[in-house]
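J.: To start, I am sharing the structure in question, which I have written as structure tokens.
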Amino acid sequence: MTDIPISHFLFVSTALFFIGMYGLFTRRNMITMLMSIELILNSVNINFVVFNKYLYPDKLDGIFFTIFIITIAAAEAAVAIAIIINLYRSHRSIDVETAEEMKY
Amino acid sequence: MTASQIIFYILAAFILGTAIFSVTTTKIFRSAIWLLFSLIGIAGLYFWLEVEFIAAVQIVVYVGGIVVLIIFSIFLTQQSGKEMLRPPMMRGIASVLAVLFGFALTYFLIYKNDFKAGDKSFNWSVSKIGNQMLATGENGYALPFEVVSILLLAAMVGCIVIAIKVPVEVSSTGTKEQKQDNIENLRDKQIVEGL
């Protein structure tokens, strides 16, 4: 169990975070950008659980933060998809470049 | 190298590989399926860490809820087999460079820092989590629990308000285009009234 150094877990979560950032930079489709955000949130969850387990094993705060992040991610995905579907109804497209009049 | 270590590295490679496929493939439906595999791999990592409760929550909420929601919205908004445009060359190169530098900096800082491992053993149970979640004293999470429940209620009401269809008042003889026009007129009227 303890034979894997903690930096290897952090390698996985850091790499996952930056893969999500890459997706956020290159994609212009709203649904795929939402998927990248889910990847980023998951990398944060891995960090919380690993820190809780290896550095502060007598506490449970990392697990609570993970549970709250998962809850908020579900709510966020639901609201985002409602907005995307509404945008598709009025614009016939879910590209972020075509949604520019929301600025004004 | 023990079997447990080998399983960890296989899981890590699986998570990262499927995540990379998920952000680079040009077909949106395949992207969602790769994301599904990546989330299952993360649930496997939680099982490996022996926090089975979080693994179960991960599978129920992410794999069973969010990915299904995303696939539904893909079917509602576009043809699933359609190719998405590749990003322009300059943007791709700039993104790769930015991401690589960010990763190198962050991992350098992590590598330099020596983490002091706790000496106790990690023991959790669902009853401990539940008791602390609803405790009001020190280290209790009753207030965040209530705040999150209000947030979920607000998100549910907000989704219904955003996605609801505007009721159409049109005679049954009107054609489809007329109905569409009426919807737009109704929306404009509502916006003006709102202002």
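Note on naming: chains are A, B, ... as they come in the structure tokens, residues start from 1 per chain, ligands start from 1 in the order shown.
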Hey, what's within 9 Å of segment 153-162 of chain B if we count only C-alpha atoms and toss same-chain stuff fewer than 4 positions away? As a compact mmCIF listing (two decimals) with C-alpha atoms, in the first residue's frame, please?

T.:
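Contents of result-v2.txt, as written:
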# COMPACT_ATOMS: atom_id res chain seq x y z
CA ALA A 75 -25.66 20.21 -10.42
CA GLU A 76 -23.29 22.17 -12.67
CA ALA A 78 -27.35 19.68 -15.30
CA VAL A 79 -27.54 23.49 -15.47
CA ALA A 80 -24.93 23.65 -18.25
CA ILE A 81 -26.80 21.13 -20.37
CA ALA A 82 -30.09 23.00 -19.87
CA ILE A 83 -28.38 26.18 -21.08
CA ASN A 86 -31.81 26.26 -24.86
CA VAL B 148 -25.44 22.06 -0.78
CA SER B 149 -29.04 20.89 -0.45

J.: Could you make a table, as JSON lines, of the residues of chain B that have an atom within 7 Å of an atom of chain A, each with its nearest atom pair and distance in Å to one decimal, counting only C-alpha atoms, in chain and number order?

T.:
{"residue": "B:Gln5", "atom": "CA", "partner": "A:Ile4", "partner_atom": "CA", "distance": 6.9}
{"residue": "B:Ala12", "atom": "CA", "partner": "A:Val12", "partner_atom": "CA", "distance": 6.3}
{"residue": "B:Leu16", "atom": "CA", "partner": "A:Leu16", "partner_atom": "CA", "distance": 6.4}
{"residue": "B:Ala19", "atom": "CA", "partner": "A:Ile19", "partner_atom": "CA", "distance": 7.0}
{"residue": "B:Ile20", "atom": "CA", "partner": "A:Ile19", "partner_atom": "CA", "distance": 6.4}
{"residue": "B:Val23", "atom": "CA", "partner": "A:Gly23", "partner_atom": "CA", "distance": 5.0}
{"residue": "B:Ile66", "atom": "CA", "partner": "A:Ala74", "partner_atom": "CA", "distance": 6.4}
{"residue": "B:Ser73", "atom": "CA", "partner": "A:Ile81", "partner_atom": "CA", "distance": 6.8}
{"residue": "B:Thr77", "atom": "CA", "partner": "A:Tyr88", "partner_atom": "CA", "distance": 6.6}
{"residue": "B:Pro87", "atom": "CA", "partner": "A:Thr26", "partner_atom": "CA", "distance": 5.9}
{"residue": "B:Arg91", "atom": "CA", "partner": "A:Thr26", "partner_atom": "CA", "distance": 6.8}
{"residue": "B:Gly92", "atom": "CA", "partner": "A:Thr26", "partner_atom": "CA", "distance": 6.4}
{"residue": "B:Ser95", "atom": "CA", "partner": "A:Tyr22", "partner_atom": "CA", "distance": 6.0}
{"residue": "B:Val96", "atom": "CA", "partner": "A:Tyr22", "partner_atom": "CA", "distance": 6.8}
{"residue": "B:Val99", "atom": "CA", "partner": "A:Phe18", "partner_atom": "CA", "distance": 5.8}
{"residue": "B:Phe103", "atom": "CA", "partner": "A:Phe18", "partner_atom": "CA", "distance": 6.5}
{"residue": "B:Tyr107", "atom": "CA", "partner": "A:Phe11", "partner_atom": "CA", "distance": 6.9}
{"residue": "B:Ile110", "atom": "CA", "partner": "A:Ser7", "partner_atom": "CA", "distance": 6.8}
{"residue": "B:Tyr111", "atom": "CA", "partner": "A:Ser7", "partner_atom": "CA", "distance": 6.6}
{"residue": "B:Lys116", "atom": "CA", "partner": "A:Leu55", "partner_atom": "CA", "distance": 6.4}
{"residue": "B:Ala117", "atom": "CA", "partner": "A:Leu55", "partner_atom": "CA", "distance": 4.6}
{"residue": "B:Gly118", "atom": "CA", "partner": "A:Leu55", "partner_atom": "CA", "distance": 4.7}
{"residue": "B:Lys120", "atom": "CA", "partner": "A:Pro57", "partner_atom": "CA", "distance": 6.1}
{"residue": "B:Ser121", "atom": "CA", "partner": "A:Pro57", "partner_atom": "CA", "distance": 6.0}
{"residue": "B:Phe122", "atom": "CA", "partner": "A:Pro57", "partner_atom": "CA", "distance": 4.4}
{"residue": "B:Leu152", "atom": "CA", "partner": "A:Ala75", "partner_atom": "CA", "distance": 6.2}
{"residue": "B:Ala155", "atom": "CA", "partner": "A:Ala75", "partner_atom": "CA", "distance": 6.0}
{"residue": "B:Cys159", "atom": "CA", "partner": "A:Val79", "partner_atom": "CA", "distance": 5.4}
{"residue": "B:Ile162", "atom": "CA", "partner": "A:Ala82", "partner_atom": "CA", "distance": 6.3}
{"residue": "B:Ala163", "atom": "CA", "partner": "A:Ala82", "partner_atom": "CA", "distance": 5.4}

J.: Enumerate the residues of segment 40-126 of chain B with a DSSP assignment of alpha helix (DSSP H), computed from the backbone, and present them as a count of residues only.

T.: 52

J.: Just give me the gap between atom CA of Ile42 of chain B and atom CA of Asn131 of chain B in Å, one decimal is fine.

T.: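 Computing it gives 26.4 Å between the two atoms.
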
J.: Using only C-alpha atoms, which protein or nucleic acid residues come within 6 Å of Ile15 of chain B? Drop anything in the same chain fewer than 2 positions from it, and give the result as number ranges by chain.

T.: B: 12-13, 17-18, 38, 41

J.: Store the residues picked out above, limited to N, CA and C atoms, as an mmCIF file, in the first residue's frame.

T.:
data_model
loop_
_atom_site.group_PDB
_atom_site.id
_atom_site.type_symbol
_atom_site.label_atom_id
_atom_site.label_comp_id
_atom_site.auth_asym_id
_atom_site.auth_seq_id
_atom_site.Cartn_x
_atom_site.Cartn_y
_atom_site.Cartn_z
ATOM 1 N N ALA B 12 -3.257 3.884 -13.815
ATOM 2 C CA ALA B 12 -2.845 5.246 -14.140
ATOM 3 C C ALA B 12 -2.720 5.423 -15.647
ATOM 4 N N ALA B 13 -2.087 4.447 -16.320
ATOM 5 C CA ALA B 13 -1.930 4.551 -17.770
ATOM 6 C C ALA B 13 -3.291 4.536 -18.457
ATOM 7 N N GLY B 17 -4.474 7.612 -20.689
ATOM 8 C CA GLY B 17 -4.646 7.322 -22.114
ATOM 9 C C GLY B 17 -6.060 7.627 -22.588
ATOM 10 N N THR B 18 -7.057 7.157 -21.847
ATOM 11 C CA THR B 18 -8.431 7.413 -22.284
ATOM 12 C C THR B 18 -8.769 8.900 -22.187
ATOM 13 N N SER B 38 -12.540 6.818 -18.887
ATOM 14 C CA SER B 38 -11.628 7.502 -17.963
ATOM 15 C C SER B 38 -12.240 7.590 -16.569
ATOM 16 N N GLY B 41 -12.019 4.333 -14.892
ATOM 17 C CA GLY B 41 -10.654 4.112 -14.408
ATOM 18 C C GLY B 41 -10.394 4.835 -13.101
#

J.: To one decimal place in Å, what is the distance between atom CA of Val63 of chain B and atom CA of Met84 of chain B?

T.: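 If I compute the distance from atom CA of Val63 of chain B to atom CA of Met84 of chain B, I get 23.9 Å.
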
J.: Would you compute the distance between atom CA of Glu101 of chain A and atom CA of Ile37 of chain A? Give it in Å to one decimal.

T.: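 So the two atoms, atom CA of Glu101 of chain A and atom CA of Ile37 of chain A, lie 23.4 Å apart.
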
J.: Within 9 Å of Ile74 of chain B, counting only C-alpha atoms, which residues qualify if same-chain residues fewer than 3 places away don't, as an MDAnalysis selection string?

T.: (chainID A and resid 31) or (chainID B and resid 28:29 32 69:71 77:80)

J.: Now that the selection is made, can you save its residues with N, CA and C atoms as a PDB file, in the first residue's frame?

T.:
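Okay, this is what ended up in out_0.pdb:
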ATOM      1  N   ILE A  31     -20.313  21.095 -25.491  1.00  0.00           N
ATOM      2  CA  ILE A  31     -20.426  19.827 -24.765  1.00  0.00           C
ATOM      3  C   ILE A  31     -19.043  19.243 -24.493  1.00  0.00           C
TER       4      ILE A  31
ATOM      5  N   ILE B  28     -17.667  13.488 -31.641  1.00  0.00           N
ATOM      6  CA  ILE B  28     -18.081  13.905 -30.296  1.00  0.00           C
ATOM      7  C   ILE B  28     -18.614  12.730 -29.491  1.00  0.00           C
ATOM      8  N   PHE B  29     -19.273  11.780 -30.174  1.00  0.00           N
ATOM      9  CA  PHE B  29     -19.816  10.652 -29.418  1.00  0.00           C
ATOM     10  C   PHE B  29     -18.693   9.763 -28.882  1.00  0.00           C
ATOM     11  N   ALA B  32     -17.282  11.241 -25.795  1.00  0.00           N
ATOM     12  CA  ALA B  32     -18.066  10.954 -24.573  1.00  0.00           C
ATOM     13  C   ALA B  32     -17.780   9.544 -24.068  1.00  0.00           C
ATOM     14  N   LEU B  69     -26.253  11.966 -19.159  1.00  0.00           N
ATOM     15  CA  LEU B  69     -26.817  13.283 -19.479  1.00  0.00           C
ATOM     16  C   LEU B  69     -26.097  13.890 -20.690  1.00  0.00           C
ATOM     17  N   ILE B  70     -24.746  13.763 -20.701  1.00  0.00           N
ATOM     18  CA  ILE B  70     -23.972  14.331 -21.809  1.00  0.00           C
ATOM     19  C   ILE B  70     -24.328  13.630 -23.115  1.00  0.00           C
ATOM     20  N   ILE B  71     -24.477  12.283 -23.065  1.00  0.00           N
ATOM     21  CA  ILE B  71     -24.794  11.544 -24.292  1.00  0.00           C
ATOM     22  C   ILE B  71     -26.183  11.936 -24.787  1.00  0.00           C
ATOM     23  N   THR B  77     -28.622  17.536 -29.758  1.00  0.00           N
ATOM     24  CA  THR B  77     -28.147  18.742 -30.412  1.00  0.00           C
ATOM     25  C   THR B  77     -27.419  18.503 -31.725  1.00  0.00           C
ATOM     26  N   GLN B  78     -26.914  17.312 -32.011  1.00  0.00           N
ATOM     27  CA  GLN B  78     -26.242  17.156 -33.297  1.00  0.00           C
ATOM     28  C   GLN B  78     -26.143  15.695 -33.702  1.00  0.00           C
ATOM     29  N   GLN B  79     -25.751  15.503 -34.973  1.00  0.00           N
ATOM     30  CA  GLN B  79     -25.563  14.156 -35.472  1.00  0.00           C
ATOM     31  C   GLN B  79     -24.301  13.598 -34.837  1.00  0.00           C
ATOM     32  N   SER B  80     -24.422  12.388 -34.264  1.00  0.00           N
ATOM     33  CA  SER B  80     -23.307  11.880 -33.482  1.00  0.00           C
ATOM     34  C   SER B  80     -22.128  11.469 -34.341  1.00  0.00           C
TER      35      SER B  80
END
